[in-house]
>>> print(open('target-v6.txt').read())   # compact mmCIF, C-alpha atoms
# COMPACT_ATOMS: atom_id res chain seq x y z
CA MET C 1 9.81 15.35 -26.64
CA SER C 2 12.87 13.96 -28.37
CA ASP C 3 13.11 13.20 -32.08
CA SER C 4 12.40 9.53 -31.50
CA ASP C 5 9.26 10.10 -29.40
CA ARG C 6 5.79 9.63 -30.82
CA LEU C 7 2.39 10.63 -29.48
CA TRP C 8 0.13 7.79 -28.38
CA GLU C 9 -3.57 8.39 -27.84
CA VAL C 10 -4.96 6.59 -24.79
CA PHE C 11 -8.47 5.14 -24.53
CA ALA C 12 -10.02 3.26 -21.64
CA ARG C 13 -13.26 1.88 -20.27
CA ARG C 14 -14.25 1.19 -16.69
CA LYS C 15 -16.57 -1.72 -17.35
CA ARG C 16 -16.90 -4.28 -20.08
CA ALA C 17 -20.25 -2.77 -21.10
CA ASP C 18 -18.80 0.77 -21.41
CA ALA C 19 -17.62 2.34 -24.64
CA PHE C 20 -13.99 3.38 -24.79
CA GLU C 21 -13.41 7.02 -23.93
CA HIS C 22 -10.41 9.08 -24.90
CA ILE C 23 -8.59 9.89 -21.67
CA GLY C 24 -5.37 11.52 -22.85
CA CYS C 25 -2.07 10.93 -24.57
CA VAL C 26 1.55 10.09 -23.75
CA GLU C 27 4.86 10.57 -25.51
CA ALA C 28 6.96 7.44 -25.97
CA PRO C 29 9.41 6.07 -28.53
CA ASN C 30 7.81 2.62 -28.80
CA SER C 31 4.60 0.79 -27.93
CA ASP C 32 6.18 -0.99 -24.94
CA LEU C 33 6.88 2.33 -23.25
CA GLY C 34 3.65 3.84 -24.57
CA ARG C 35 1.64 1.11 -22.83
CA VAL C 36 3.61 1.42 -19.60
CA TYR C 37 3.34 5.21 -19.53
CA ALA C 38 -0.36 5.14 -20.35
CA TRP C 39 -1.13 2.63 -17.59
CA GLN C 40 0.95 4.41 -14.99
CA THR C 41 -0.05 7.96 -15.92
CA TYR C 42 -3.81 7.49 -16.19
CA ASP C 43 -4.30 5.41 -13.07
CA GLU C 44 -7.18 7.46 -11.67
CA ALA C 45 -9.66 4.60 -12.20
CA LYS C 46 -9.64 0.84 -11.95
CA TRP C 47 -9.88 0.35 -15.69
CA PHE C 48 -11.37 -2.78 -17.15
CA GLU C 49 -9.42 -2.20 -20.36
CA MET C 50 -7.00 0.38 -21.72
CA ILE C 51 -5.66 0.65 -25.26
CA ILE C 52 -3.30 3.00 -27.08
CA ALA C 53 -2.80 3.94 -30.71
CA PRO C 54 -0.17 6.09 -32.40
CA ARG C 55 -1.47 9.56 -33.29
CA GLU C 56 -0.62 9.02 -36.96
CA ALA C 57 -3.06 6.10 -37.11
CA PHE C 58 -5.89 8.63 -36.94
CA HIS C 59 -7.11 10.32 -40.09
CA CYS C 60 -8.72 13.70 -40.00
CA VAL C 61 -12.35 13.65 -41.14
CA ASN C 62 -13.52 17.25 -41.26
CA ARG C 63 -10.51 19.51 -41.05
CA ALA C 64 -9.13 19.20 -44.56
CA GLU C 65 -6.64 21.88 -45.50
CA GLN C 66 -8.21 22.48 -48.93
CA PRO C 67 -11.83 23.55 -49.48
CA PHE C 68 -14.02 20.86 -50.93
CA THR C 69 -14.50 20.89 -54.69
CA LEU C 70 -15.87 18.52 -57.33
CA HIS C 71 -13.52 19.92 -59.97
CA PRO C 72 -10.24 18.03 -59.99
CA SER C 73 -8.54 20.89 -61.80
CA ALA C 74 -9.52 23.35 -59.10
CA GLU C 75 -6.93 21.91 -56.75
CA ALA C 76 -4.16 22.73 -59.21
CA LEU C 77 -5.52 26.25 -59.65
CA SER C 78 -5.72 27.05 -55.95
CA MET K 79 1.95 -28.81 -7.10
CA THR K 80 0.76 -31.45 -4.70
CA GLY K 81 0.73 -31.94 -0.97
CA GLU K 82 -1.02 -30.24 1.87
CA LYS K 83 -1.29 -26.47 1.89
CA TYR K 84 0.23 -24.38 4.64
CA ALA K 85 -2.13 -21.63 5.79
CA LYS K 86 0.34 -20.05 8.18
CA ALA K 87 4.03 -20.16 9.04
CA SER K 88 3.50 -22.10 12.26
CA ASP K 89 2.15 -24.99 10.17
CA LEU K 90 5.53 -25.36 8.43
CA PRO K 91 8.19 -27.83 9.63
CA ALA K 92 10.93 -25.94 11.49
CA GLU K 93 13.63 -26.09 8.82
CA LEU K 94 11.22 -25.11 6.09
CA ARG K 95 9.91 -22.22 8.18
CA ASP K 96 13.44 -20.92 8.73
CA ARG K 97 14.34 -21.22 5.04
CA LEU K 98 11.17 -19.56 3.85
CA GLY K 99 11.37 -16.80 6.46
CA ALA K 100 14.90 -16.05 5.28
CA LEU K 101 13.72 -15.88 1.66
CA VAL K 102 10.83 -13.55 2.50
CA LEU K 103 13.21 -11.20 4.32
CA VAL K 104 15.59 -11.21 1.34
CA LEU K 105 12.70 -10.36 -0.97
CA ALA K 106 11.31 -7.69 1.37
CA ASP K 107 14.67 -5.92 1.69
CA ASN K 108 15.31 -5.99 -2.04
CA LYS K 109 11.80 -4.70 -2.76
CA ARG K 110 12.08 -1.89 -0.22
CA LEU K 111 15.46 -0.71 -1.50
CA LEU K 112 14.55 -1.10 -5.16
CA GLY K 113 11.54 1.13 -4.48
CA MET K 114 13.90 3.73 -3.09
CA ARG K 115 16.09 3.51 -6.18
CA TYR K 116 13.09 4.07 -8.42
CA SER K 117 12.02 7.00 -6.26
CA ASP K 118 15.47 8.60 -6.61
CA TRP K 119 14.63 9.13 -10.30
CA ILE K 120 11.07 10.49 -10.03
CA LEU K 121 12.61 13.91 -10.57
CA GLY K 122 15.34 13.98 -13.18
CA ALA K 123 14.20 11.10 -15.36
CA PRO K 124 14.77 11.64 -19.10
CA ALA K 125 11.07 12.26 -19.76
CA LEU K 126 8.07 13.35 -17.70
CA GLU K 127 6.39 10.03 -18.40
CA ALA K 128 9.51 8.15 -17.26
CA GLY K 129 9.41 10.08 -13.97
CA ILE K 130 5.77 9.13 -13.50
CA ALA K 131 6.68 5.52 -14.28
CA CYS K 132 9.42 5.63 -11.61
CA SER K 133 6.90 6.97 -9.12
CA ALA K 134 4.44 4.18 -9.93
CA MET K 135 7.14 1.49 -9.79
CA ALA K 136 8.41 2.86 -6.46
CA GLN K 137 4.90 2.65 -5.03
CA ASP K 138 4.53 -0.89 -6.31
CA GLU K 139 7.83 -1.98 -4.75
CA TRP K 140 7.10 -0.34 -1.42
CA GLY K 141 3.70 -1.99 -1.38
CA HIS K 142 5.26 -5.38 -2.05
CA GLY K 143 7.90 -4.75 0.62
CA ARG K 144 5.29 -3.74 3.16
CA ILE K 145 3.27 -6.92 2.54
CA LEU K 146 6.39 -9.07 2.91
CA TYR K 147 7.58 -7.43 6.12
CA ALA K 148 4.07 -7.84 7.55
CA MET K 149 4.10 -11.50 6.51
CA LEU K 150 7.20 -12.04 8.65
CA ARG K 151 5.16 -11.38 11.81
CA ASP K 152 3.77 -14.86 11.27
CA PHE K 153 7.36 -16.17 11.29
CA GLY K 154 7.96 -14.72 14.75
CA GLU K 155 9.62 -11.53 13.56
CA ASP K 156 8.75 -7.96 14.56
CA PRO K 157 8.06 -6.03 11.33
CA GLY K 158 8.59 -2.70 13.08
CA GLN K 159 12.07 -3.77 14.16
CA LEU K 160 12.86 -5.11 10.70
CA GLU K 161 11.74 -1.91 9.00
CA HIS K 162 13.14 0.67 11.37
CA GLU K 163 15.81 -0.72 13.69
CA ARG K 164 18.37 -2.75 11.78
CA SER K 165 21.98 -1.90 11.01
CA SER K 166 23.31 -1.87 7.47
CA SER K 167 24.95 -5.30 7.71
CA GLU K 168 21.64 -6.85 8.76
CA TYR K 169 19.98 -6.02 5.44
CA ARG K 170 19.64 -8.81 2.90
CA ASN K 171 19.69 -6.78 -0.30
CA MET K 172 21.73 -7.25 -3.45
CA GLU K 173 24.90 -5.18 -3.54
CA SER K 174 23.60 -3.25 -6.55
CA LEU K 175 21.07 -1.54 -4.26
CA ASP K 176 23.57 -0.33 -1.62
CA ALA K 177 23.89 3.12 -3.24
CA PRO K 178 21.76 5.21 -5.62
CA ALA K 179 21.82 4.54 -9.36
CA ARG K 180 24.15 7.24 -10.67
CA SER K 181 22.81 7.35 -14.22
CA TRP K 182 19.68 6.40 -16.11
CA PRO K 183 21.39 3.30 -17.60
CA ASP K 184 22.33 2.31 -14.03
CA LEU K 185 18.66 2.56 -13.05
CA LEU K 186 17.68 0.68 -16.17
CA ALA K 187 19.98 -2.17 -15.11
CA LEU K 188 18.10 -2.39 -11.81
CA ASN K 189 14.76 -2.11 -13.63
CA LEU K 190 15.37 -4.81 -16.22
CA LEU K 191 17.82 -7.17 -14.54
CA LEU K 192 17.30 -6.93 -10.79
CA ASP K 193 13.56 -6.31 -10.76
CA THR K 194 13.08 -9.23 -13.15
CA ALA K 195 15.23 -11.47 -10.93
CA LEU K 196 12.86 -10.76 -8.04
CA SER K 197 9.84 -11.38 -10.24
CA VAL K 198 11.26 -14.73 -11.37
CA GLN K 199 11.52 -15.75 -7.72
CA PHE K 200 7.90 -14.69 -7.09
CA GLU K 201 6.65 -16.37 -10.23
CA ALA K 202 8.11 -19.63 -8.91
CA MET K 203 5.79 -19.27 -5.91
CA ALA K 204 2.57 -18.70 -7.87
CA GLU K 205 1.39 -22.20 -6.94
CA SER K 206 3.19 -22.34 -3.63
CA ARG K 207 1.94 -24.63 -0.88
CA PHE K 208 2.45 -21.67 1.45
CA GLU K 209 -0.91 -20.00 0.88
CA PRO K 210 -0.11 -16.48 2.14
CA LEU K 211 2.46 -16.20 -0.68
CA HIS K 212 0.37 -18.05 -3.23
CA TYR K 213 -2.47 -15.54 -2.80
CA LYS K 214 -0.20 -12.51 -3.20
CA VAL K 215 1.81 -13.49 -6.26
CA SER K 216 -0.82 -13.02 -8.95
CA LYS K 217 -1.49 -9.33 -8.24
CA LEU K 218 2.19 -8.67 -7.68
CA LEU K 219 3.10 -10.11 -11.08
CA ASP K 220 0.31 -8.08 -12.73
CA GLU K 221 2.15 -4.96 -11.56
CA GLU K 222 5.59 -6.31 -12.37
CA ARG K 223 4.59 -6.94 -15.98
CA PHE K 224 4.73 -3.19 -16.51
CA HIS K 225 8.11 -2.90 -14.80
CA PHE K 226 9.54 -5.46 -17.20
CA GLU K 227 8.02 -3.73 -20.20
CA HIS K 228 9.38 -0.40 -19.01
CA GLY K 229 12.85 -1.94 -18.90
CA ARG K 230 12.44 -3.60 -22.27
CA GLY K 231 11.13 -0.40 -23.84
CA TRP K 232 14.08 1.64 -22.59
CA VAL K 233 16.61 -0.96 -23.67
CA ALA K 234 15.11 -0.76 -27.16
CA ARG K 235 15.32 3.01 -27.10
CA LEU K 236 18.89 3.32 -25.80
CA GLY K 237 19.90 0.39 -27.97
CA GLY K 238 19.17 2.49 -31.02
CA THR K 239 22.48 4.35 -30.73
CA ALA K 240 26.09 3.25 -30.23
CA ALA K 241 26.43 5.62 -27.26
CA GLY K 242 23.32 4.15 -25.66
CA ARG K 243 24.55 0.60 -26.12
CA GLU K 244 27.95 1.45 -24.63
CA ALA K 245 26.33 3.15 -21.63
CA MET K 246 24.12 0.10 -21.02
CA GLN K 247 27.04 -2.30 -21.46
CA ARG K 248 28.99 -0.47 -18.73
CA ALA K 249 26.01 -0.13 -16.39
CA PHE K 250 24.72 -3.67 -16.79
CA VAL K 251 27.94 -5.61 -16.04
CA PRO K 252 27.92 -5.34 -12.22
CA VAL K 253 24.14 -5.83 -11.94
CA TRP K 254 24.31 -8.80 -14.30
CA GLU K 255 26.94 -10.45 -12.10
CA ALA K 256 24.98 -9.72 -8.90
CA CYS K 257 21.73 -11.13 -10.33
CA LEU K 258 23.45 -14.18 -11.79
CA ARG K 259 24.75 -15.01 -8.28
CA TRP K 260 21.59 -14.01 -6.44
CA PHE K 261 19.66 -17.21 -7.18
CA GLY K 262 22.38 -19.18 -5.40
CA PRO K 263 24.93 -21.82 -6.44
CA PRO K 264 23.84 -25.08 -8.05
CA GLY K 265 22.70 -27.39 -5.28
CA ASP K 266 22.02 -24.46 -2.96
CA ALA K 267 20.50 -26.04 0.17
CA ALA K 268 17.83 -23.39 0.74
CA GLY K 269 16.67 -23.52 -2.85
CA LEU K 270 16.54 -27.31 -2.86
CA VAL K 271 14.51 -27.55 0.35
CA LEU K 272 12.00 -24.93 -0.78
CA CYS K 273 11.67 -26.62 -4.15
CA GLN K 274 11.35 -30.16 -2.75
CA GLU K 275 8.61 -28.97 -0.40
CA ALA K 276 6.80 -27.21 -3.28
CA ILE K 277 7.11 -23.76 -1.70
CA THR K 278 8.77 -22.81 -4.99
CA ASP K 279 8.53 -24.67 -8.26
CA ARG K 280 12.22 -24.58 -9.21
CA ASP K 281 15.65 -24.60 -7.55
CA ALA K 282 18.50 -22.09 -7.88
CA ALA K 283 19.66 -23.36 -11.27
CA GLY K 284 16.08 -23.42 -12.57
CA LEU K 285 15.42 -19.88 -11.38
CA ARG K 286 18.62 -18.63 -13.01
CA ALA K 287 17.70 -20.34 -16.27
CA ARG K 288 14.26 -18.72 -16.19
CA TRP K 289 15.81 -15.28 -15.58
CA LEU K 290 18.23 -15.74 -18.47
CA GLU K 291 15.31 -16.74 -20.67
CA ARG K 292 13.52 -13.49 -19.77
CA VAL K 293 16.34 -10.93 -19.97
CA GLY K 294 18.73 -12.59 -22.43
CA PRO K 295 16.62 -11.99 -25.56
CA VAL K 296 15.90 -8.37 -24.58
CA LEU K 297 19.60 -7.57 -24.41
CA ALA K 298 20.50 -9.63 -27.48
CA SER K 299 17.87 -7.75 -29.49
CA VAL K 300 20.01 -4.62 -29.29
CA GLY K 301 23.38 -6.37 -29.61
CA LEU K 302 24.24 -6.53 -25.90
CA GLU K 303 25.92 -9.89 -25.60
CA PHE K 304 25.40 -10.90 -22.01
CA ALA K 305 23.71 -14.17 -22.88
CA GLU K 306 23.14 -16.30 -25.94
CA ALA K 307 20.82 -19.12 -26.88
CA ASP K 308 22.50 -22.48 -27.48
CA SER K 309 21.52 -24.83 -30.30
CA SER K 310 18.53 -26.11 -28.30
CA GLY K 311 17.29 -22.59 -27.56
CA VAL K 312 18.44 -22.50 -23.93
CA TRP K 313 19.76 -19.08 -22.89
CA ARG K 314 23.18 -19.19 -21.22
CA SER K 315 25.20 -16.41 -19.62
CA ARG K 316 28.50 -15.65 -21.32
CA VAL K 317 30.11 -15.36 -17.89
CA GLU K 318 29.85 -17.86 -15.07
CA PRO K 319 28.65 -16.70 -11.63
CA ASP K 320 31.52 -15.74 -9.35
CA TRP K 321 31.02 -17.48 -6.00
CA ASP K 322 34.06 -15.89 -4.34
CA GLY K 323 32.84 -14.33 -1.07
CA TRP K 324 29.28 -15.62 -1.57
CA ASP K 325 27.10 -14.99 1.47
CA PRO K 326 24.15 -17.42 1.33
CA GLU K 327 22.18 -15.52 3.98
CA ALA K 328 22.32 -12.13 2.32
CA ARG K 329 22.54 -13.74 -1.13
CA ARG K 330 25.31 -11.43 -2.24
CA GLY K 331 28.96 -11.73 -3.18
CA SER K 332 30.43 -9.03 -0.99
CA GLU K 333 30.03 -7.89 2.57
CA GLY K 334 28.25 -4.64 3.28
CA GLY K 335 24.79 -3.20 3.03
CA PRO K 336 22.98 0.05 2.32
CA ASP K 337 25.22 3.14 2.51
CA PRO K 338 24.63 5.53 5.47
CA ASP K 339 22.30 7.89 3.60
CA THR K 340 20.31 5.01 2.16
CA LEU K 341 20.08 3.35 5.57
CA ALA K 342 18.78 6.54 7.23
CA ARG K 343 16.15 6.94 4.53
CA VAL K 344 15.08 3.31 4.33
CA ARG K 345 14.67 3.09 8.11
CA GLY K 346 12.82 6.40 8.26
CA ASP K 347 15.28 7.92 10.75
CA LYS K 348 14.10 11.48 10.01
CA ASN K 349 10.59 10.65 11.15
CA ARG K 350 11.48 8.30 13.95
CA PRO K 351 9.68 10.42 16.64
CA LEU K 352 6.50 10.08 14.60
CA LEU K 353 6.48 6.28 14.51
CA MET K 354 3.20 5.25 16.07
CA ASP K 355 3.11 1.49 15.67
>>> encode(input="target-v6.txt", output="structure tokens")
Amino acid sequence: MSDSDRLWEVFARRKRADAFEHIGCVEAPNSDLGRVYAWQTYDEAKWFEMIIAPREAFHCVNRAEQPFTLHPSAEALS
Amino acid sequence: MTGEKYAKASDLPAELRDRLGALVLVLADNKRLLGMRYSDWILGAPALEAGIACSAMAQDEWGHGRILYAMLRDFGEDPGQLEHERSSSEYRNMESLDAPARSWPDLLALNLLLDTALSVQFEAMAESRFEPLHYKVSKLLDEERFHFEHGRGWVARLGGTAAGREAMQRAFVPVWEACLRWFGPPGDAAGLVLCQEAITDRDAAGLRARWLERVGPVLASVGLEFAEADSSGVWRSRVEPDWDGWDPEARRGSEGGPDPDTLARVRGDKNRPLLMD
């Protein structure tokens, strides 16, 4: 992975009625190549729809680095 | 487009059948050899994903080539002979496909410029009166959309550095000139006949203009000045096509054909004893 590459998460669904499932990721420097690589790499199904998003668009929900506290000052103390 | 549809080649008037058969062979040969050029880079591409993309694009091109060769049976040709028995000078491919792409920018030139030139020709047959082509074009262009975006994505990436731009500039010049010629001179008889009979929806000049409209902005976006838009927004090449030595049958500007190694591979010489059909 070169400095200019980013990770793109790939989601797809087989039928219109299906929910998107996460099927993998690709490394690419821009969305043009991300879309091409995703489509050509994950071609195991006849997808109804495939989408990609840059990894940094996702925000961690439950894996915070600091323990939870209600005391704002506690963060400075830790 | 208007007029009666042609369900098979034998329905076509003789001159039209000859012109269209020649075009299908040109397209088949370019597709087959372009697929080989993509396949040359499945291993050794700059990224794993790029190698996978080359594999997918090679499969697409070979599929398109196979369909086109098979279509020529209806024109009185023997697809087996066309695929396995011809000499180098009998191929109708662009000169840029005679030998392997030596560098990734060389392959990128084939990907963006040459592959798009072929797609522009197919796009002009989306509503063709010749139904066997009309029915194939939509799926073919669905696949080609990703080829174009692959080329555009890599131009953007290499265009981010001076070294990348210089490498593309060098690699793109000969392919640019070959593609610019490939559509044929203004007033090209074959292009006019096919257009007048609504087999295609534009003549040589119209096809070239469409190609410039597709690839010109991609190159200009990274400062590669092969084409520019005039005051009315029409994209024009900075160089004129060179018609010296133009061969209208092969649609190329120099004599020749696939090099010996390419010819042996494209004909399948190694597996000749295994040919069953």
>>> axis_aligned_box(input="target-v6.txt", around="range 34-39 of chain C", padding_each_side="8 Å", output="AutoDock Vina command-line options")
--center_x 1.3 --center_y 3.2 --center_z -21.1 --size_x 20.8 --size_y 20.1 --size_z 23.0
>>> atom_distance(input="target-v6.txt", atom1="CA of Glu155 in chain K", atom2="CA of Val104 in chain K")
13.6 Å
>>> interface_residues(input="target-v6.txt", of="chain C", to="chain K", cutoff="7 Å", atoms="only C-alpha atoms", output="list in words")
Pro29, Asn30, Asp32, Leu33, Val36, Tyr37, Gln40 and Thr41 of chain C
>>> atom_distance(input="target-v6.txt", atom1="CA of Phe48 in chain C", atom2="CA of Arg16 in chain C")
6.4 Å
>>> atom_distance(input="target-v6.txt", atom1="CA of Phe261 in chain K", atom2="CA of Leu285 in chain K")
6.5 Å
>>> closest_residue(input="target-v6.txt", among="K:Gly335, K:Gly122, K:Gly237, K:Gly294", to="Arg180 in chain K", atoms="all atoms listed in the file")
K:Gly122
>>> residues_around(input="target-v6.txt", residues="Pro54 in chain C", least_positions_apart="6", cutoff="8 Å", atoms="all atoms listed in the file", output="PDB file with C-alpha atoms, keeping the file's coordinate frame")
ATOM      1  CA  ARG C   6       5.790   9.630 -30.820  1.00  0.00           C
ATOM      2  CA  LEU C   7       2.390  10.630 -29.480  1.00  0.00           C
ATOM      3  CA  TRP C   8       0.130   7.790 -28.380  1.00  0.00           C
ATOM      4  CA  GLU C   9      -3.570   8.390 -27.840  1.00  0.00           C
TER       5      GLU C   9
END
>>> closest_residue(input="target-v6.txt", among="C:Leu70, C:Ile52, C:Ala45, C:Cys60", to="Ser31 in chain C", atoms="only C-alpha atoms")
C:Ile52
>>> closest_residue(input="target-v6.txt", among="C:Val26, C:Arg14, C:Ser4, C:Arg63", to="Lys46 in chain C", atoms="all atoms listed in the file")
C:Arg14
>>> decode(input="target-v6.txt", residues="range 231-248 of chain K", atoms="N, CA and C atoms", output="short mmCIF file (atom, residue, chain, number, x, y, z; two decimals), in the first residue's frame")
data_model
loop_
_atom_site.label_atom_id
_atom_site.label_comp_id
_atom_site.auth_asym_id
_atom_site.auth_seq_id
_atom_site.Cartn_x
_atom_site.Cartn_y
_atom_site.Cartn_z
N GLY K 231 -8.80 6.72 -13.38
CA GLY K 231 -8.29 6.69 -12.01
C GLY K 231 -6.77 6.66 -11.97
N TRP K 232 -6.16 5.90 -12.88
CA TRP K 232 -4.70 5.82 -12.91
C TRP K 232 -4.06 7.09 -13.47
N VAL K 233 -4.72 7.71 -14.43
CA VAL K 233 -4.21 8.99 -14.92
C VAL K 233 -4.19 10.02 -13.78
N ALA K 234 -5.25 10.01 -12.98
CA ALA K 234 -5.30 10.94 -11.84
C ALA K 234 -4.17 10.64 -10.86
N ARG K 235 -3.93 9.35 -10.64
CA ARG K 235 -2.89 8.99 -9.68
C ARG K 235 -1.49 9.36 -10.20
N LEU K 236 -1.17 8.93 -11.40
CA LEU K 236 0.17 9.24 -11.94
C LEU K 236 0.31 10.74 -12.19
N GLY K 237 -0.81 11.39 -12.48
CA GLY K 237 -0.76 12.82 -12.75
C GLY K 237 -0.45 13.65 -11.53
N GLY K 238 -0.40 13.00 -10.38
CA GLY K 238 -0.11 13.73 -9.15
C GLY K 238 1.35 14.07 -8.96
N THR K 239 2.23 13.52 -9.80
CA THR K 239 3.66 13.82 -9.69
C THR K 239 4.21 14.21 -11.06
N ALA K 240 5.28 15.00 -11.04
CA ALA K 240 5.91 15.43 -12.30
C ALA K 240 6.45 14.21 -13.06
N ALA K 241 7.05 13.27 -12.31
CA ALA K 241 7.60 12.07 -12.96
C ALA K 241 6.49 11.26 -13.62
N GLY K 242 5.35 11.17 -12.95
CA GLY K 242 4.23 10.42 -13.51
C GLY K 242 3.70 11.08 -14.76
N ARG K 243 3.61 12.41 -14.73
CA ARG K 243 3.11 13.12 -15.92
C ARG K 243 4.08 12.96 -17.09
N GLU K 244 5.37 13.03 -16.82
CA GLU K 244 6.35 12.87 -17.90
C GLU K 244 6.29 11.47 -18.49
N ALA K 245 6.13 10.47 -17.61
CA ALA K 245 6.06 9.08 -18.10
C ALA K 245 4.81 8.90 -18.97
N MET K 246 3.70 9.49 -18.55
CA MET K 246 2.47 9.36 -19.37
C MET K 246 2.63 10.12 -20.68
N GLN K 247 3.21 11.30 -20.63
CA GLN K 247 3.39 12.09 -21.85
C GLN K 247 4.15 11.27 -22.91
N ARG K 248 5.24 10.64 -22.47
CA ARG K 248 6.06 9.83 -23.40
C ARG K 248 5.25 8.64 -23.93
#
